[in-house]
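Chemist: What follows is target.txt; its format and atoms are compact mmCIF, C-alpha atoms.
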# COMPACT_ATOMS: atom_id res chain seq x y z
CA MET A 1 65.71 -44.36 -53.31
CA ASN A 2 68.52 -42.38 -54.92
CA VAL A 3 68.91 -41.63 -58.62
CA LEU A 4 71.33 -44.53 -59.16
CA GLY A 5 68.87 -46.94 -57.56
CA VAL A 6 66.00 -45.77 -59.76
CA THR A 7 68.18 -46.07 -62.86
CA LEU A 8 69.18 -49.63 -61.97
CA VAL A 9 65.54 -50.61 -61.40
CA MET A 10 64.54 -49.14 -64.81
CA GLU A 11 67.42 -50.93 -66.52
CA SER A 12 66.40 -54.22 -64.90
CA SER A 13 62.71 -53.71 -65.75
CA TRP A 14 63.12 -53.01 -69.49
CA LEU A 15 65.65 -55.82 -69.85
CA LYS A 16 63.29 -58.29 -68.18
CA VAL A 17 60.42 -57.30 -70.48
CA SER A 18 62.73 -57.48 -73.49
CA CYS A 19 63.90 -61.00 -72.58
CA LEU A 20 60.37 -62.25 -71.94
CA LEU A 21 59.11 -60.86 -75.24
CA CYS A 22 62.14 -62.21 -77.12
CA VAL A 23 61.46 -65.76 -75.92
CA PHE A 24 57.86 -65.47 -77.13
CA GLY A 25 59.02 -64.13 -80.50
CA PHE A 26 61.52 -66.98 -80.87
CA LEU A 27 58.92 -69.65 -80.04
CA ARG A 28 56.35 -68.06 -82.34
CA GLU A 29 58.72 -68.15 -85.32
CA LEU A 30 59.90 -71.72 -84.62
CA ARG A 31 57.76 -73.18 -87.40
CA PRO A 32 59.84 -75.60 -89.51
CA SER A 33 56.83 -76.43 -91.68
CA GLU A 34 56.76 -72.91 -93.16
CA PRO A 35 59.62 -73.33 -95.69
CA TYR A 36 57.80 -76.42 -97.01
CA HIS A 37 54.26 -75.10 -96.91
CA ALA A 38 53.62 -75.56 -100.63
CA GLU A 39 55.29 -78.99 -100.57
CA ILE A 40 52.90 -80.01 -97.78
CA LEU A 41 49.75 -78.65 -99.43
CA LEU A 42 50.63 -80.19 -102.80
CA GLY A 43 51.68 -83.52 -101.32
CA GLU A 44 49.70 -86.72 -100.96
CA TRP A 45 47.83 -85.51 -97.87
CA TYR A 46 45.45 -82.97 -99.43
CA ASN A 47 42.93 -83.19 -102.26
CA VAL A 48 43.95 -79.96 -103.98
CA THR A 49 45.79 -79.01 -107.16
CA GLN A 50 48.60 -76.49 -107.58
CA ASP A 51 46.23 -74.11 -109.36
CA GLN A 52 43.75 -74.32 -106.45
CA VAL A 53 46.49 -73.53 -103.93
CA ASN A 54 47.62 -70.60 -106.05
CA ARG A 55 44.20 -69.11 -106.80
CA SER A 56 41.80 -70.39 -104.12
CA VAL A 57 43.86 -70.95 -100.95
CA TYR A 58 46.62 -68.32 -100.60
CA PRO A 59 44.41 -65.37 -101.67
CA VAL A 60 42.04 -66.11 -98.75
CA GLY A 61 44.90 -65.44 -96.33
CA THR A 62 45.70 -62.14 -98.06
CA TYR A 63 42.11 -60.87 -97.92
CA SER A 64 41.64 -62.06 -94.33
CA TYR A 65 44.82 -60.32 -93.18
CA LEU A 66 43.59 -57.05 -94.68
CA ALA A 67 40.08 -57.31 -93.24
CA LEU A 68 41.15 -58.33 -89.74
CA LEU A 69 44.05 -55.91 -89.31
CA ILE A 70 41.68 -52.92 -89.16
CA VAL A 71 39.79 -54.37 -86.20
CA VAL A 72 42.77 -55.98 -84.51
CA PHE A 73 44.79 -52.77 -84.32
CA LEU A 74 42.16 -50.89 -82.31
CA VAL A 75 41.22 -53.91 -80.22
CA THR A 76 44.89 -54.46 -79.38
CA ASP A 77 45.20 -51.00 -77.84
CA PHE A 78 41.83 -51.27 -76.07
CA LEU A 79 42.61 -54.68 -74.53
CA ARG A 80 46.18 -53.60 -73.70
CA TYR A 81 48.19 -55.95 -75.89
CA LYS A 82 48.66 -59.08 -73.76
CA PRO A 83 45.26 -60.70 -74.57
CA LEU A 84 46.01 -60.34 -78.29
CA ILE A 85 49.48 -61.88 -77.84
CA ILE A 86 47.80 -64.83 -76.12
CA ALA A 87 45.20 -64.97 -78.92
CA ASN A 88 48.04 -64.98 -81.47
CA ALA A 89 49.62 -68.09 -79.95
CA LEU A 90 46.23 -69.78 -79.52
CA THR A 91 45.42 -69.14 -83.17
CA GLY A 92 48.77 -70.66 -84.13
CA ILE A 93 47.80 -73.87 -82.33
CA VAL A 94 44.48 -73.94 -84.23
CA ILE A 95 46.16 -73.35 -87.60
CA TRP A 96 48.76 -76.09 -87.43
CA SER A 97 46.43 -78.53 -85.68
CA VAL A 98 43.77 -78.14 -88.38
CA LEU A 99 46.44 -78.56 -91.07
CA ILE A 100 47.32 -81.91 -89.50
CA TRP A 101 43.83 -83.40 -89.81
CA THR A 102 42.08 -81.59 -92.68
CA THR A 103 42.30 -82.83 -96.27
CA THR A 104 39.88 -80.63 -98.21
CA LEU A 105 40.02 -77.32 -100.06
CA LEU A 106 37.44 -75.84 -97.68
CA GLY A 107 39.52 -76.89 -94.68
CA LEU A 108 42.59 -75.17 -96.13
CA GLN A 109 40.59 -72.01 -96.84
CA ILE A 110 39.40 -71.95 -93.21
CA VAL A 111 43.03 -72.30 -92.13
CA GLU A 112 43.91 -69.27 -94.27
CA VAL A 113 41.25 -67.17 -92.49
CA PHE A 114 42.85 -68.07 -89.16
CA TYR A 115 46.27 -67.38 -90.66
CA GLY A 116 45.09 -63.88 -91.59
CA PHE A 117 44.20 -63.31 -87.94
CA TYR A 118 47.53 -64.82 -86.87
CA GLN A 119 49.41 -62.32 -89.02
CA ALA A 120 47.19 -59.41 -88.00
CA THR A 121 47.72 -60.01 -84.27
CA GLU A 122 51.48 -59.80 -84.76
CA VAL A 123 50.94 -56.05 -84.27
CA ALA A 124 50.37 -56.77 -80.56
CA TYR A 125 53.87 -58.26 -80.28
CA TYR A 126 55.50 -55.11 -81.64
CA SER A 127 53.15 -52.62 -79.95
CA TYR A 128 53.51 -54.20 -76.49
CA ILE A 129 57.00 -52.76 -76.00
CA TYR A 130 55.84 -49.18 -76.62
CA ALA A 131 53.40 -49.41 -73.72
CA LYS A 132 55.58 -51.43 -71.35
CA VAL A 133 59.03 -49.85 -71.46
CA ASP A 134 60.32 -46.29 -71.21
CA LYS A 135 60.77 -44.41 -74.50
CA GLN A 136 64.54 -44.22 -74.10
CA TYR A 137 64.71 -48.01 -74.50
CA TYR A 138 62.55 -48.25 -77.66
CA PRO A 139 65.45 -48.72 -80.12
CA ARG A 140 67.16 -51.40 -78.06
CA VAL A 141 64.03 -53.41 -77.27
CA THR A 142 62.86 -53.15 -80.90
CA SER A 143 66.18 -54.53 -82.13
CA HIS A 144 66.07 -57.33 -79.54
CA THR A 145 62.55 -58.46 -80.43
CA ARG A 146 63.23 -58.40 -84.16
CA ALA A 147 66.49 -60.29 -83.64
CA ALA A 148 64.63 -62.95 -81.64
CA MET A 149 62.22 -63.49 -84.52
CA PHE A 150 65.12 -63.69 -86.98
CA VAL A 151 66.79 -66.34 -84.80
CA GLY A 152 63.53 -68.28 -84.55
CA LYS A 153 63.14 -68.32 -88.33
CA LEU A 154 66.79 -69.25 -88.80
CA VAL A 155 66.56 -72.21 -86.40
CA ALA A 156 63.27 -73.28 -88.00
CA GLY A 157 64.77 -73.24 -91.51
CA LEU A 158 67.94 -75.08 -90.53
CA SER A 159 66.13 -77.73 -88.47
CA ALA A 160 63.56 -78.28 -91.24
CA GLN A 161 66.31 -78.76 -93.81
CA LEU A 162 68.19 -81.17 -91.53
CA LEU A 163 65.09 -83.25 -90.76
CA ILE A 164 64.10 -83.51 -94.43
CA SER A 165 67.63 -84.08 -95.79
CA LEU A 166 68.32 -86.90 -93.29
CA ASP A 167 64.87 -88.35 -93.94
CA TRP A 168 64.00 -88.24 -90.25
CA MET A 169 60.59 -86.70 -91.01
CA ASN A 170 58.35 -86.18 -94.00
CA TYR A 171 56.97 -82.75 -94.86
CA LYS A 172 53.66 -83.17 -93.03
CA GLN A 173 55.32 -84.31 -89.80
CA LEU A 174 56.95 -80.88 -89.56
CA LEU A 175 53.47 -79.57 -88.75
CA TYR A 176 53.64 -81.29 -85.36
CA ILE A 177 56.75 -79.28 -84.41
CA SER A 178 55.11 -76.04 -85.59
CA ALA A 179 51.99 -76.79 -83.52
CA GLY A 180 54.13 -77.71 -80.51
CA SER A 181 56.10 -74.48 -80.65
CA GLN A 182 52.83 -72.53 -80.63
CA VAL A 183 51.76 -74.42 -77.49
CA PHE A 184 54.98 -73.37 -75.74
CA ALA A 185 54.49 -69.80 -77.03
CA LEU A 186 50.97 -69.77 -75.53
CA MET A 187 52.25 -70.99 -72.16
CA TRP A 188 54.98 -68.33 -72.22
CA ALA A 189 52.54 -65.58 -73.23
CA PHE A 190 50.56 -66.06 -70.00
CA GLY A 191 53.72 -65.10 -68.11
CA LEU A 192 54.13 -61.73 -69.81
CA PRO A 193 53.60 -58.75 -67.47
CA LYS A 194 50.22 -57.03 -67.78
CA VAL A 195 50.10 -53.60 -69.37
CA LYS A 196 48.37 -50.99 -67.21
CA LYS A 197 48.20 -48.29 -69.86
CA SER A 198 48.09 -48.06 -73.63
CA VAL A 199 48.72 -45.30 -76.14
CA TYR A 200 45.11 -44.34 -76.86
CA PHE A 201 42.34 -45.96 -74.80
CA HIS A 202 44.14 -46.28 -71.48
CA HIS A 203 46.60 -43.41 -71.38
CA LYS A 204 46.95 -41.40 -68.18
CA PRO A 205 44.40 -38.58 -67.88
CA ASP A 206 47.01 -35.86 -67.99
CA THR A 207 48.08 -33.33 -70.59
CA ILE A 208 49.48 -34.69 -73.85
CA ALA A 209 51.83 -32.83 -76.16
CA ILE A 210 50.76 -32.64 -79.77
CA GLN A 211 53.24 -31.45 -82.34
CA HIS A 212 52.15 -29.26 -85.25
CA GLY A 213 55.05 -28.49 -87.57
CA THR A 214 57.80 -26.94 -85.47
CA SER A 215 55.54 -25.80 -82.62
CA SER A 216 54.06 -27.90 -79.83
CA ASN A 217 50.69 -27.47 -78.20
CA VAL A 218 49.60 -29.15 -74.97
CA GLU A 219 46.03 -30.40 -74.92
CA ARG A 220 43.76 -32.83 -73.10
CA LEU A 221 42.50 -35.33 -75.66
CA GLY A 222 40.28 -38.40 -75.62
CA PRO A 223 41.19 -41.61 -77.50
CA VAL A 224 39.50 -40.72 -80.80
CA ALA A 225 40.76 -37.15 -80.77
CA LEU A 226 44.27 -38.36 -79.97
CA LEU A 227 44.14 -40.89 -82.81
CA TRP A 228 43.03 -38.18 -85.23
CA SER A 229 45.65 -35.75 -83.95
CA HIS A 230 48.47 -38.26 -84.44
CA PHE A 231 47.12 -39.17 -87.88
CA ARG A 232 46.83 -35.54 -89.00
CA SER A 233 50.19 -34.55 -87.53
CA ALA A 234 51.96 -37.40 -89.32
CA TYR A 235 50.37 -37.32 -92.77
CA SER A 236 50.47 -33.56 -93.10
CA ASN A 237 54.25 -33.94 -93.11
CA PRO A 238 55.54 -34.46 -96.71
CA MET A 239 58.47 -36.57 -95.45
CA VAL A 240 56.11 -38.95 -93.67
CA LEU A 241 53.92 -39.21 -96.78
CA GLN A 242 56.95 -39.89 -98.98
CA TRP A 243 58.40 -42.64 -96.78
CA SER A 244 54.99 -44.11 -95.90
CA LEU A 245 54.26 -44.59 -99.59
CA TRP A 246 57.63 -46.24 -100.08
CA TYR A 247 57.10 -48.50 -97.06
CA ALA A 248 53.64 -49.62 -98.22
CA ILE A 249 54.61 -50.27 -101.85
CA ALA A 250 57.75 -52.19 -100.89
CA LEU A 251 55.97 -54.28 -98.24
CA ALA A 252 53.12 -55.19 -100.62
CA GLY A 253 55.57 -56.45 -103.23
CA TYR A 254 57.59 -58.39 -100.67
CA LEU A 255 54.51 -60.10 -99.23
CA GLN A 256 53.32 -61.09 -102.69
CA VAL A 257 56.69 -62.56 -103.70
CA THR A 258 57.22 -64.50 -100.46
CA THR A 259 53.65 -65.83 -100.47
CA TYR A 260 53.87 -67.41 -103.92
CA MET A 261 57.58 -68.23 -104.26
CA GLN A 262 57.17 -71.85 -103.18
CA VAL A 263 54.44 -72.34 -105.79
CA VAL A 264 56.93 -71.16 -108.43
CA TRP A 265 59.50 -73.71 -107.24
CA LYS A 266 56.88 -76.47 -107.51
CA SER A 267 56.45 -75.44 -111.16
CA PHE A 268 60.09 -76.16 -112.06
CA GLU A 269 60.62 -79.31 -114.10
CA ASP A 270 64.05 -79.97 -112.56
CA GLU A 271 62.86 -80.07 -108.92
CA PRO A 272 65.71 -81.72 -106.97
CA THR A 273 65.42 -84.99 -105.05
CA ILE A 274 66.15 -83.10 -101.82
CA VAL A 275 64.13 -79.88 -101.68
CA TRP A 276 66.32 -77.15 -100.19
CA ASN A 277 63.57 -74.77 -99.12
CA GLY A 278 64.63 -74.91 -95.47
CA GLY A 279 68.24 -74.05 -96.24
CA VAL A 280 67.16 -71.28 -98.61
CA ASP A 281 64.84 -69.82 -95.97
CA ALA A 282 67.64 -69.95 -93.38
CA ALA A 283 70.08 -68.26 -95.79
CA LEU A 284 67.55 -65.55 -96.61
CA THR A 285 66.88 -64.94 -92.91
CA ALA A 286 70.59 -64.73 -92.07
CA LEU A 287 71.36 -62.34 -94.94
CA ALA A 288 68.27 -60.23 -94.19
CA ALA A 289 69.39 -59.94 -90.56
CA LEU A 290 72.89 -58.87 -91.61
CA SER A 291 71.58 -56.37 -94.16
CA THR A 292 69.23 -54.97 -91.49
CA LEU A 293 72.18 -54.41 -89.15
CA LEU A 294 74.16 -52.86 -92.01
CA ALA A 295 71.28 -50.55 -92.85
CA GLY A 296 71.02 -49.46 -89.23
CA TYR A 297 74.77 -48.73 -89.11
CA LEU A 298 74.86 -46.81 -92.41
CA HIS A 299 71.71 -44.87 -91.67
CA ALA A 300 72.81 -43.66 -88.22
CA GLY A 301 73.68 -40.13 -89.30
CA ARG A 302 75.58 -41.23 -92.39
CA LEU A 303 72.86 -41.02 -95.05
CA LYS A 304 70.79 -37.91 -95.71
CA SER A 305 67.13 -38.37 -96.66
CA ARG A 306 67.71 -37.68 -100.38
CA ALA A 307 70.71 -40.01 -100.48
CA SER A 308 68.63 -42.69 -98.75
CA LEU A 309 65.87 -42.35 -101.31
CA LEU A 310 68.26 -42.50 -104.27
CA THR A 311 69.97 -45.57 -102.80
CA LEU A 312 66.67 -47.31 -102.21
CA SER A 313 65.48 -46.46 -105.73
CA VAL A 314 68.49 -48.23 -107.23
CA LEU A 315 68.07 -51.15 -104.85
CA SER A 316 64.39 -51.44 -105.78
CA VAL A 317 65.40 -51.92 -109.43
CA LEU A 318 67.87 -54.60 -108.26
CA GLU A 319 65.06 -56.26 -106.29
CA GLY A 320 63.08 -56.48 -109.51
CA GLY A 321 66.09 -58.07 -111.19
CA CYS A 322 66.32 -60.61 -108.37
CA VAL A 323 62.65 -61.52 -108.79
CA LEU A 324 63.27 -62.12 -112.50
CA LEU A 325 66.28 -64.25 -111.56
CA ALA A 326 64.05 -66.25 -109.22
CA ALA A 327 61.35 -66.88 -111.81
CA TRP A 328 62.77 -66.85 -115.35
CA PRO A 329 65.71 -69.31 -115.36
CA LYS A 330 64.99 -73.00 -115.82
CA ASN A 331 67.45 -73.92 -113.06
CA ILE A 332 65.91 -74.03 -109.58
CA TYR A 333 69.26 -73.33 -107.88
CA ILE A 334 69.53 -70.01 -109.71
CA SER A 335 65.98 -69.32 -108.57
CA TYR A 336 67.04 -70.02 -104.98
CA LEU A 337 69.89 -67.53 -105.39
CA GLY A 338 67.60 -64.84 -106.79
CA TYR A 339 65.15 -65.27 -103.93
CA VAL A 340 67.84 -65.07 -101.23
CA LEU A 341 69.34 -61.92 -102.78
CA PHE A 342 65.86 -60.41 -103.03
CA GLY A 343 65.27 -61.01 -99.32
CA ALA A 344 68.65 -59.55 -98.36
CA ILE A 345 68.08 -56.36 -100.37
CA TYR A 346 64.55 -56.01 -99.00
CA GLY A 347 65.87 -56.31 -95.43
CA PHE A 348 68.18 -53.35 -96.10
CA THR A 349 65.61 -51.16 -97.87
CA ILE A 350 62.75 -51.65 -95.41
CA THR A 351 65.05 -50.90 -92.47
CA VAL A 352 66.21 -47.61 -94.01
CA ALA A 353 62.63 -46.68 -94.94
CA SER A 354 61.42 -47.49 -91.40
CA ALA A 355 64.21 -45.44 -89.82
CA GLU A 356 63.54 -42.45 -92.10
CA LEU A 357 59.84 -42.68 -91.34
CA ALA A 358 60.34 -43.03 -87.58
CA SER A 359 62.63 -40.00 -87.50
CA SER A 360 59.72 -37.83 -88.70
CA LEU A 361 57.12 -39.18 -86.25
CA LEU A 362 56.05 -38.48 -82.70
CA GLU A 363 57.12 -41.45 -80.59
CA ASP A 364 53.58 -42.21 -79.38
CA SER A 365 52.33 -42.45 -82.96
CA PHE A 366 54.82 -45.11 -84.15
CA ALA A 367 52.40 -48.03 -83.83
CA LEU A 368 49.50 -46.12 -85.40
CA ILE A 369 51.38 -44.89 -88.47
CA PHE A 370 53.19 -48.16 -89.14
CA GLY A 371 49.87 -49.94 -88.67
CA ILE A 372 48.15 -47.68 -91.21
CA ASN A 373 51.04 -48.10 -93.66
CA THR A 374 50.81 -51.87 -93.27
CA LEU A 375 47.08 -51.63 -93.94
CA VAL A 376 47.78 -49.69 -97.15
CA ALA A 377 50.36 -52.33 -98.12
CA LEU A 378 47.80 -55.11 -97.59
CA ALA A 379 45.21 -53.22 -99.64
CA LEU A 380 47.74 -52.97 -102.46
CA GLN A 381 48.68 -56.65 -102.09
CA SER A 382 44.99 -57.59 -102.21
CA LEU A 383 44.63 -55.54 -105.40
CA LEU A 384 47.62 -57.37 -106.96
CA THR A 385 46.07 -60.68 -105.93
CA LEU A 386 42.66 -59.73 -107.28
CA VAL A 387 44.02 -58.59 -110.65
CA PHE A 388 46.75 -61.14 -111.32
CA VAL A 389 46.03 -64.23 -109.18
CA SER A 390 42.40 -64.80 -108.15
CA GLU A 391 40.35 -66.93 -110.51
CA GLY A 392 37.51 -65.26 -112.38
CA THR A 393 38.29 -61.68 -111.26
CA GLY A 394 41.44 -60.73 -113.13
CA LEU A 395 43.96 -61.60 -115.80
CA ASN A 396 44.37 -65.20 -114.61
CA LEU A 397 48.16 -65.25 -115.16
CA ASN A 398 50.24 -68.35 -114.49
CA THR A 399 52.89 -68.26 -111.74
CA PHE A 400 55.79 -67.25 -114.00
CA GLU A 401 53.75 -64.47 -115.61
CA GLN A 402 52.73 -63.24 -112.15
CA PHE A 403 56.35 -63.00 -111.04
CA THR A 404 57.26 -61.12 -114.19
CA VAL A 405 54.63 -58.55 -113.18
CA TYR A 406 56.04 -58.38 -109.63
CA ALA A 407 59.56 -57.90 -110.97
CA PHE A 408 58.56 -54.92 -113.11
CA TYR A 409 56.47 -53.63 -110.20
CA PHE A 410 59.72 -53.16 -108.24
CA ILE A 411 61.65 -51.89 -111.27
CA ILE A 412 59.05 -49.26 -112.21
CA PHE A 413 58.59 -48.27 -108.58
CA GLY A 414 62.35 -47.67 -108.23
CA ILE A 415 62.63 -45.72 -111.49
CA VAL A 416 59.68 -43.44 -110.63
CA TYR A 417 61.13 -42.60 -107.21
CA PHE A 418 64.60 -42.04 -108.72
CA ILE A 419 63.22 -39.60 -111.31
CA ALA A 420 61.11 -37.83 -108.67
CA VAL A 421 64.16 -37.30 -106.43
CA ILE A 422 66.27 -35.98 -109.32
CA VAL A 423 63.52 -33.62 -110.48
CA GLU A 424 62.97 -32.36 -106.93
CA PHE A 425 66.72 -31.76 -106.54
CA LEU A 426 66.95 -29.88 -109.86
CA LEU A 427 63.95 -27.71 -109.00
CA ARG A 428 65.46 -26.86 -105.64
CA LEU A 429 68.80 -26.11 -107.29
CA ALA A 430 67.10 -23.85 -109.84
CA LYS A 431 65.27 -22.05 -107.03
CA VAL A 432 68.51 -21.46 -105.13
CA SER A 433 70.23 -20.20 -108.29
CA LYS A 434 67.35 -17.82 -109.03
CA THR A 435 67.52 -16.47 -105.48
CA GLN A 436 71.25 -15.87 -105.76
CA VAL A 437 70.81 -14.03 -109.09
CA MET A 438 68.13 -11.78 -107.59
CA GLU A 439 70.39 -11.00 -104.63
CA ILE A 440 73.23 -10.02 -106.98
CA GLU A 441 70.95 -7.74 -109.01
Could you spell out this file's structure in structure tokens?
Modeler:
Amino acid sequence: MNVLGVTLVMESSWLKVSCLLCVFGFLRELRPSEPYHAEILLGEWYNVTQDQVNRSVYPVGTYSYLALLIVVFLVTDFLRYKPLIIANALTGIVIWSVLIWTTTLLGLQIVEVFYGFYQATEVAYYSYIYAKVDKQYYPRVTSHTRAAMFVGKLVAGLSAQLLISLDWMNYKQLLYISAGSQVFALMWAFGLPKVKKSVYFHHKPDTIAIQHGTSSNVERLGPVALLWSHFRSAYSNPMVLQWSLWYAIALAGYLQVTTYMQVVWKSFEDEPTIVWNGGVDAALTALAALSTLLAGYLHAGRLKSRASLLTLSVLSVLEGGCVLLAAWPKNIYISYLGYVLFGAIYGFTITVASAELASSLLEDSFALIFGINTLVALALQSLLTLVFVSEGTGLNLNTFEQFTVYAFYFIIFGIVYFIAVIVEFLLRLAKVSKTQVMEIE
């Protein structure tokens, strides 16, 4: 087969994998019950109070996600991705099926444990592409799979809003659609091509290049040694440390805000007759997708690392302002606006942070480093939950007080990074000036 033939086969292969994975991602995110999760739990179908949902239900999901991600990441690589993708869809069926028939606090807490596993196994969806397609196609397949999930969430939000607004379904009936979409996702997952190799436990027994600073050494490494080598190579780089910290802090705050936002809306006295959660979720998804594309365009050689960090520092302060806008006003429509703007800004900042981080990493270590950073983010989110949300272990703040804390979390985070960048720039400038003076003398 000539070179052109091989190229055409490779193009066809990566595109096929991309399309198959995109369909799964779309079906997985087609969960119209999600924008109305708090409305469902606090409706007539469950014997729980708002305070129980806030302090005894949602925190279980946070802690479970953290605990299970550690195991899931290594198991995903060892089992070569596809079994965990299947397990993800199967768990989705369990979650939304149990939500349909359970009515107790204990039942909801069990659901949250499964939901933690459901979120943790999402890593298999993103890691699958790195083992199945050639490295040159990573950016394109990554954008495709993320776009598919955005489209799934957008369709879910719009359909949920339409069904509720036209009174074709009540909130709980949306659970049947969510469960059904997971069934289709499971059926589709069985059709995904098997992965013959993985990054760590099933890599080819040949030489592997390990980068140390600017030099590159070629060594034969086992799975554990390779894991350690990628870890050491990444986190000994100050740029990776800087952007990893940003990524983890930003993700922790975002997860905390999105987890409890619906509980805040249920606390408003002027809750509208038609609850617009579906439309708000769709608007947030659409704007986040657009801001992600914008971030990718602006970052492609147009923003230097320091400029990126300064921009993100300012945007982090704005995120904090948006959280205040979502929680402080008495008008729920202003709260909707604040939440949508928060999601749009976050979409931009996390894309820039991810791109900056990826540019400093070895390609084979992408999944490992982003997995570790996500783990750090979940540890931080769990700490926030333990201190400000969970009953009996912390400050026991109400929902509005919690969101005030989260707002200043983003504001302080942005200010600290802004000052750090300015100080680092001034020190470097002073060093350059001193060098020039010494050369003149």
Chemist: For a quick check of understanding, using all atoms listed in the file, which of A:Thr385, A:Ser359, A:Gln161, A:Gln402 has the smallest distance to Ala282 of chain A?
Modeler: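 Among the listed residues, A:Gln161 lies closest to Ala282 of chain A.
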Chemist: Atom CA of Ile422 of chain A to atom CA of Arg232 of chain A: how many Å, to one decimal?
Modeler: 28.1 Å
Chemist: Please provide as number ranges by chain all residues within 12 Å of Thr102 of chain A, with the sequence filter that same-chain residues fewer than 3 positions apart are discarded (counting only C-alpha atoms).
Modeler: A: 41, 45-48, 94-99, 105-111, 172
Chemist: Restricting the calculation to only C-alpha atoms, which member of A:Gly347, A:Gly180, A:Pro193, A:Gly25 is positioned closest to Leu315 of chain A?
Modeler: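 Among A:Gly347, A:Gly180, A:Pro193, A:Gly25, it is A:Gly347 that comes nearest to Leu315 of chain A.
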Chemist: So which residues fall inside 6 Å of (57.7, -57.8, -74.3) if we count all atoms listed in the file? Mind giving them as a list in words?
Modeler: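 Neighbouring residues, ordered by chain and number, come to Val17, Ser18, Leu20, Leu21, Tyr128 and Ile129 of chain A.
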Chemist: Grab the atom CA of Leu15 of chain A to atom CA of Ala185 of chain A distance for me, in Å with one decimal place.
Modeler: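 Value for the atom CA of Leu15 of chain A-atom CA of Ala185 of chain A distance: 19.3 Å.
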Chemist: A:Phe366, A:Tyr254, A:Phe268, A:Phe24: which is nearest Val323 of chain A, counting all atoms listed in the file?
Modeler: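 Looking at the shortest contact to Val323 of chain A, the residue is A:Tyr254.
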